[in-house]
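S.K.: Below is the file start-v3.txt, with compact mmCIF, C-alpha atoms.
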# COMPACT_ATOMS: atom_id res chain seq x y z
CA MET A 1 60.23 -5.15 36.56
CA PRO A 2 62.15 -7.96 34.79
CA ILE A 3 63.52 -5.54 32.17
CA ILE A 4 66.71 -3.89 33.39
CA VAL A 5 68.15 -0.75 31.80
CA ASN A 6 71.92 -0.85 31.71
CA VAL A 7 72.57 2.67 30.48
CA ASP A 8 75.05 3.35 33.31
CA VAL A 9 77.15 0.33 32.26
CA MET A 10 77.32 1.60 28.69
CA LEU A 11 78.04 5.12 29.93
CA ALA A 12 81.01 3.78 31.91
CA LYS A 13 82.25 1.82 28.88
CA ARG A 14 82.04 4.91 26.65
CA LYS A 15 83.45 7.10 29.44
CA MET A 16 80.54 9.51 29.07
CA SER A 17 78.74 11.43 31.78
CA SER A 18 74.97 11.33 32.34
CA THR A 19 74.65 15.03 31.68
CA GLU A 20 76.51 14.70 28.40
CA LEU A 21 74.25 11.85 27.27
CA ALA A 22 71.11 13.72 28.35
CA GLU A 23 72.23 16.71 26.30
CA LYS A 24 73.09 14.54 23.27
CA ILE A 25 69.74 12.73 23.21
CA GLY A 26 67.71 15.79 24.18
CA ILE A 27 66.08 14.63 27.42
CA THR A 28 66.33 16.09 30.89
CA THR A 29 68.79 14.63 33.41
CA ALA A 30 65.79 13.92 35.66
CA ASN A 31 64.27 11.70 32.97
CA LEU A 32 67.61 10.01 32.33
CA SER A 33 67.84 9.34 36.05
CA ILE A 34 64.36 7.72 35.98
CA LEU A 35 65.62 5.51 33.16
CA LYS A 36 68.86 4.61 34.98
CA THR A 37 67.13 3.76 38.25
CA ASN A 38 64.67 1.43 36.46
CA LYS A 39 61.69 3.53 37.50
CA ALA A 40 60.58 4.08 33.90
CA LYS A 41 57.45 2.26 32.78
CA ALA A 42 58.17 2.53 29.05
CA ILE A 43 60.77 3.79 26.63
CA ARG A 44 59.98 5.40 23.29
CA PHE A 45 61.63 3.96 20.18
CA SER A 46 62.83 7.48 19.36
CA THR A 47 64.61 7.75 22.74
CA LEU A 48 66.10 4.28 22.32
CA GLU A 49 67.30 5.24 18.86
CA GLU A 50 68.94 8.41 20.20
CA ILE A 51 70.64 6.52 23.06
CA CYS A 52 71.97 3.87 20.65
CA LYS A 53 73.20 6.59 18.31
CA ALA A 54 74.90 8.53 21.13
CA LEU A 55 76.49 5.50 22.75
CA ASN A 56 77.17 3.73 19.44
CA CYS A 57 75.62 0.48 20.62
CA GLN A 58 72.66 -1.87 20.08
CA PRO A 59 69.39 -1.88 22.08
CA ALA A 60 70.46 -5.24 23.52
CA ASP A 61 73.47 -3.54 25.09
CA ILE A 62 71.16 -1.27 27.05
CA LEU A 63 68.20 -3.50 27.80
CA GLU A 64 68.38 -6.84 29.58
CA TYR A 65 65.72 -9.35 30.52
CA VAL A 66 66.15 -10.87 33.97
CA PRO A 67 63.41 -13.19 35.31
CA GLU A 68 61.55 -11.78 38.35
CA LYS A 69 63.31 -14.04 40.93
CA ASP A 70 66.81 -13.17 39.71
CA ALA A 71 65.89 -9.48 39.50
CA ALA A 72 64.93 -9.57 43.20
CA LEU A 73 68.25 -11.24 44.01
CA LYS A 74 70.12 -8.65 41.97
CA LYS A 75 68.55 -5.87 44.04
CA MET B 1 51.57 21.18 35.35
CA LYS B 2 48.97 23.68 36.54
CA LEU B 3 45.40 23.54 35.33
CA HIS B 4 44.55 26.36 32.95
CA LEU B 5 41.00 27.54 32.62
CA PRO B 6 41.10 29.79 29.56
CA GLY B 7 39.33 33.10 30.16
CA GLN B 8 38.46 32.08 33.71
CA LYS B 9 41.86 32.52 35.28
CA ASN B 10 40.52 33.51 38.66
CA LEU B 11 37.46 31.28 38.80
CA SER B 12 39.07 28.56 40.89
CA TYR B 13 40.52 31.20 43.24
CA VAL B 14 37.08 32.75 43.70
CA VAL B 15 35.52 29.35 44.39
CA GLU B 16 38.29 28.56 46.90
CA VAL B 17 37.57 31.80 48.77
CA LEU B 18 33.84 31.08 48.57
CA CYS B 19 34.49 27.68 50.20
CA THR B 20 36.04 29.44 53.20
CA VAL B 21 33.16 31.92 53.39
CA PHE B 22 30.61 29.09 53.28
CA GLN B 23 32.55 27.21 55.93
CA ILE B 24 32.41 30.19 58.30
CA LEU B 25 28.72 30.82 57.55
CA GLY B 26 28.01 27.09 57.98
CA VAL B 27 29.70 26.95 61.38
CA ILE B 28 27.76 30.02 62.57
CA THR B 29 24.46 28.62 61.29
CA VAL B 30 25.00 25.13 62.74
CA ALA B 31 26.20 26.51 66.10
CA SER B 32 23.15 28.73 66.41
CA LEU B 33 20.76 26.23 64.83
CA PRO B 34 17.98 26.13 67.51
CA TRP B 35 17.84 29.92 67.53
CA THR B 36 18.09 30.26 63.72
CA LEU B 37 15.42 27.63 63.10
CA ASN B 38 13.08 29.19 65.66
CA ASN B 39 13.45 32.61 64.09
CA TYR B 40 13.05 31.22 60.60
CA LEU B 41 9.80 29.51 61.58
CA LEU B 42 8.60 32.70 63.28
CA PHE B 43 9.53 34.70 60.18
CA LYS B 44 7.65 32.27 57.96
CA ASN B 45 4.81 32.45 60.45
CA SER B 46 4.44 28.69 60.37
CA TYR B 47 3.74 26.41 63.30
CA VAL B 48 5.37 22.97 63.55
CA SER B 49 4.87 20.32 66.23
CA GLY B 50 7.71 19.51 68.63
CA ASN B 51 8.36 16.22 66.86
CA VAL B 52 8.88 17.86 63.47
CA TYR B 53 10.91 20.68 65.05
CA TYR B 54 13.40 18.29 66.66
CA SER B 55 13.58 16.17 63.50
CA MET B 56 14.41 19.29 61.52
CA LEU B 57 17.02 20.24 64.08
CA VAL B 58 18.77 16.85 63.92
CA LEU B 59 18.50 16.74 60.13
CA LEU B 60 19.93 20.22 59.64
CA PHE B 61 22.70 19.60 62.15
CA LEU B 62 23.72 16.36 60.42
CA SER B 63 23.65 17.89 56.95
CA GLY B 64 25.56 20.89 58.27
CA VAL B 65 28.37 18.72 59.59
CA CYS B 66 28.52 16.69 56.35
CA ALA B 67 28.44 19.84 54.22
CA PHE B 68 31.30 21.28 56.27
CA SER B 69 33.40 18.16 55.60
CA ILE B 70 32.55 18.35 51.90
CA LEU B 71 33.68 21.99 51.87
CA VAL B 72 36.95 21.06 53.61
CA GLN B 73 37.70 18.49 50.89
CA ALA B 74 36.59 20.83 48.10
CA LYS B 75 38.82 23.57 49.44
CA LYS B 76 41.84 21.23 49.49
CA ILE B 77 41.12 20.16 45.89
CA LEU B 78 40.83 23.78 44.76
CA HIS B 79 44.00 24.67 46.63
CA ASP B 80 45.84 21.91 44.74
CA ILE B 81 44.36 23.13 41.44
CA ASN B 82 45.53 26.67 42.15
CA LYS B 83 48.95 25.85 43.52
CA LYS B 84 50.23 22.67 41.83
CA ASP B 85 49.29 19.71 39.68
CA PRO B 86 45.64 18.72 40.23
CA PHE B 87 46.04 15.20 38.80
CA THR B 88 47.23 13.39 41.91
CA PHE B 89 45.92 10.43 43.87
CA ASP B 90 45.17 12.89 46.70
CA THR B 91 42.65 14.74 44.56
CA ALA B 92 41.02 11.48 43.46
CA LYS B 93 40.83 10.38 47.11
CA ARG B 94 39.28 13.69 48.15
CA ILE B 95 36.63 13.48 45.42
CA LYS B 96 35.83 9.97 46.69
CA TYR B 97 35.47 11.33 50.25
CA ILE B 98 33.05 13.98 48.97
CA ALA B 99 30.96 11.16 47.46
CA TYR B 100 31.01 9.35 50.82
CA TRP B 101 30.03 12.52 52.74
CA CYS B 102 27.01 12.98 50.44
CA LEU B 103 25.66 9.57 51.50
CA PRO B 104 24.81 10.39 55.17
CA ILE B 105 22.90 13.47 53.96
CA ALA B 106 20.94 11.35 51.46
CA VAL B 107 20.19 8.65 54.05
CA ALA B 108 19.20 11.22 56.71
CA TYR B 109 16.77 12.97 54.36
CA LEU B 110 15.29 9.70 53.13
CA VAL B 111 14.74 8.54 56.73
CA ALA B 112 13.40 11.97 57.70
CA ILE B 113 10.40 11.54 55.37
CA TYR B 114 8.76 9.55 58.22
CA PHE B 115 9.06 12.55 60.54
CA ILE B 116 8.73 15.44 58.06
CA PRO B 117 6.34 14.33 55.33
CA SER B 118 7.33 16.68 52.52
CA ALA B 119 8.11 16.20 48.86
CA PHE B 120 11.12 18.51 49.20
CA VAL B 121 12.73 16.30 51.84
CA LEU B 122 12.38 13.33 49.47
CA LEU B 123 13.75 15.44 46.62
CA VAL B 124 16.84 16.51 48.59
CA GLY B 125 17.46 12.88 49.69
CA LEU B 126 17.22 11.54 46.15
CA THR B 127 19.33 14.40 44.76
CA PHE B 128 22.14 13.73 47.21
CA LEU B 129 21.96 9.99 46.52
CA PHE B 130 22.28 10.69 42.80
CA LEU B 131 25.04 13.25 43.41
CA SER B 132 26.96 10.79 45.56
CA ALA B 133 26.86 8.16 42.79
CA CYS B 134 27.93 10.69 40.14
CA ILE B 135 30.79 12.07 42.25
CA PHE B 136 31.96 8.54 43.05
CA ILE B 137 32.11 7.75 39.31
CA ILE B 138 34.08 10.96 38.71
CA SER B 139 36.52 9.98 41.49
CA GLN B 140 37.08 6.59 39.82
CA LEU B 141 37.66 8.38 36.50
CA PHE B 142 40.19 10.59 38.27
CA TYR B 143 42.01 7.53 39.62
CA GLN B 144 42.27 6.21 36.04
CA ALA B 145 43.41 9.61 34.76
CA VAL B 146 46.14 9.78 37.41
CA ASN B 147 47.27 6.28 36.44
CA TYR B 148 47.45 7.30 32.77
CA LYS B 149 49.33 10.46 33.70
CA GLN B 150 51.85 8.54 35.79
CA GLU B 151 52.41 6.09 32.96
CA ASN B 152 52.86 9.00 30.56
CA ASP B 153 55.26 10.75 32.96
CA LEU B 154 57.33 7.57 33.32
CA THR B 155 57.59 7.00 29.57
CA ILE B 156 60.98 8.32 28.57
Kindly return the structure encoded in the file as structure tokens.
M.R.:
Amino acid sequence: MPIIVNVDVMLAKRKMSSTELAEKIGITTANLSILKTNKAKAIRFSTLEEICKALNCQPADILEYVPEKDAALKK
Amino acid sequence: MKLHLPGQKNLSYVVEVLCTVFQILGVITVASLPWTLNNYLLFKNSYVSGNVYYSMLVLLFLSGVCAFSILVQAKKILHDINKKDPFTFDTAKRIKYIAYWCLPIAVAYLVAIYFIPSAFVLLVGLTFLFLSACIFIISQLFYQAVNYKQENDLTI
């Protein structure tokens, strides 16, 4: 998928663990892992809102558009 | 998520056990078909020509084998329903196989009209043809349902 979720980058910047974030936004670590590994098919606005609130950032900091070719190269 | 049938908690368990019972009975009947058919005809006190007798034998053997395969698939589906999540591609695939296994029965009975001229043979053939189509549609619906479920599961 050309949309990349950069939650782990933001987590590193904020020095926060995945478990801590999962607890703060009220989702399971399994679901957060799906999000981090780009396996998610969609993200609810409510979840996005919670992530932005917890990490004190903008949606653009978490989501990135990379054209298909470049995404394949990135992998 | 397990499937919950309100008020009928044990229904799927009973049907699963029944599948096994029918499988055993089916194997016994098919294995002893010449003997069973002979005795049945004697019991009914009806005489059939050799041609009709052998046609019936082939027809019953073929439908027995197909029915056994259908029961195998049905048992696996029920096992999934009882043990884990029933909405998987496996279940959809198994329902599709059941639809495919109904087809040989339908074709055999429709062809058998030439050898056993009876309205009931035609009726069974047409019923299985109709059943096959219906079950195939249900399998396609299941595929769509599994797709929706996966999309829902992967929406965070």
S.K.: In Å, rounded to a single decimal, give me how far atom CA of A:Pro2 is from atom CA of A:Pro67.
M.R.: 5.4 Å
S.K.: Might you pull out every residue within 8 Å of A:Leu32, with all atoms listed in the file counted and same-chain residues fewer than 6 positions away left off, and present them as an MDAnalysis selection string?
M.R.: (chainID A and resid 18 22) or (chainID B and resid 156)
S.K.: Using all atoms listed in the file, determine which residues of chain B fall within 8 Å of chain A; present them as a PyMOL selection string.
M.R.: chain B and resi 151+154-156
S.K.: Would you pick out the contacts of B:Val111 at 12 Å or less, using all atoms listed in the file, so that residues sharing its chain but fewer than 2 positions from it are not included, and give the list as a PyMOL selection string?
M.R.: chain B and resi 55-56+58-59+104-109+113-118+121-122+124-126
S.K.: To one decimal place in Å, what is the distance between atom CA of B:Ile70 and atom CA of B:Lys149?
M.R.: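 Atom-to-atom, atom CA of B:Ile70 and atom CA of B:Lys149 are spaced 26.0 Å apart.
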S.K.: Neighbouring residues of A:Ala54 were defined as those with any atom within 9 Å, considering all atoms listed in the file; residues of the same chain fewer than 4 positions away were excluded. Please report them as JSON, numbers by chain.
M.R.: {"A": [21, 24, 25, 49, 50]}
S.K.: At a cut-off of 9 Å, using all atoms listed in the file, what residues contact A:Cys52? Leave out same-chain residues fewer than 6 positions from it and give the result as a PyMOL selection string.
M.R.: chain A and resi 58-59+61-62
S.K.: With all atoms of stretch 2-17 of chain A from the file as input, state the centre and edge lengths in Å to one decimal of the axis-aligned box that has 8 Å extra on each side, as lines of an AutoDock Vina configuration file.
M.R.:
center_x = 72.8
center_y = 1.7
center_z = 30.7
size_x = 37.3
size_y = 35.4
size_z = 24.1
S.K.: If I put a ball of radius 8 Å at (40.9, 28.5, 52.5) in the file's coordinates, which residues poke into it when counting all atoms listed in the file, written as a short mmCIF file (atom, residue, chain, number, x, y, z; two decimals) with C-alpha atoms, keeping the file's coordinate frame?
M.R.:
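New file result.cif:
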data_model
loop_
_atom_site.label_atom_id
_atom_site.label_comp_id
_atom_site.auth_asym_id
_atom_site.auth_seq_id
_atom_site.Cartn_x
_atom_site.Cartn_y
_atom_site.Cartn_z
CA GLU B 16 38.29 28.56 46.90
CA VAL B 17 37.57 31.80 48.77
CA CYS B 19 34.49 27.68 50.20
CA THR B 20 36.04 29.44 53.20
CA LYS B 75 38.82 23.57 49.44
CA LYS B 76 41.84 21.23 49.49
CA HIS B 79 44.00 24.67 46.63
#
S.K.: Report, in Å with one decimal, the straight-line distance from atom CA of A:Ala30 to atom CA of B:Tyr143.
M.R.: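 We find that atom CA of A:Ala30 and atom CA of B:Tyr143 lie 24.9 Å from each other.
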S.K.: Can you pull out every residue within 12 Å of B:Gln144, counting all atoms listed in the file, but drop anything in the same chain fewer than 4 positions away, and send it as an MDAnalysis selection string?
M.R.: chainID B and resid 87:89 92:93 137:140 148:151
S.K.: Kindly indicate which residue among B:Tyr54, B:Cys134, B:Cys102, B:Gly64 lies nearest to B:Ala31, using all atoms listed in the file for the distances.
M.R.: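 Answer, going by the shortest atom-to-atom distance: B:Gly64.
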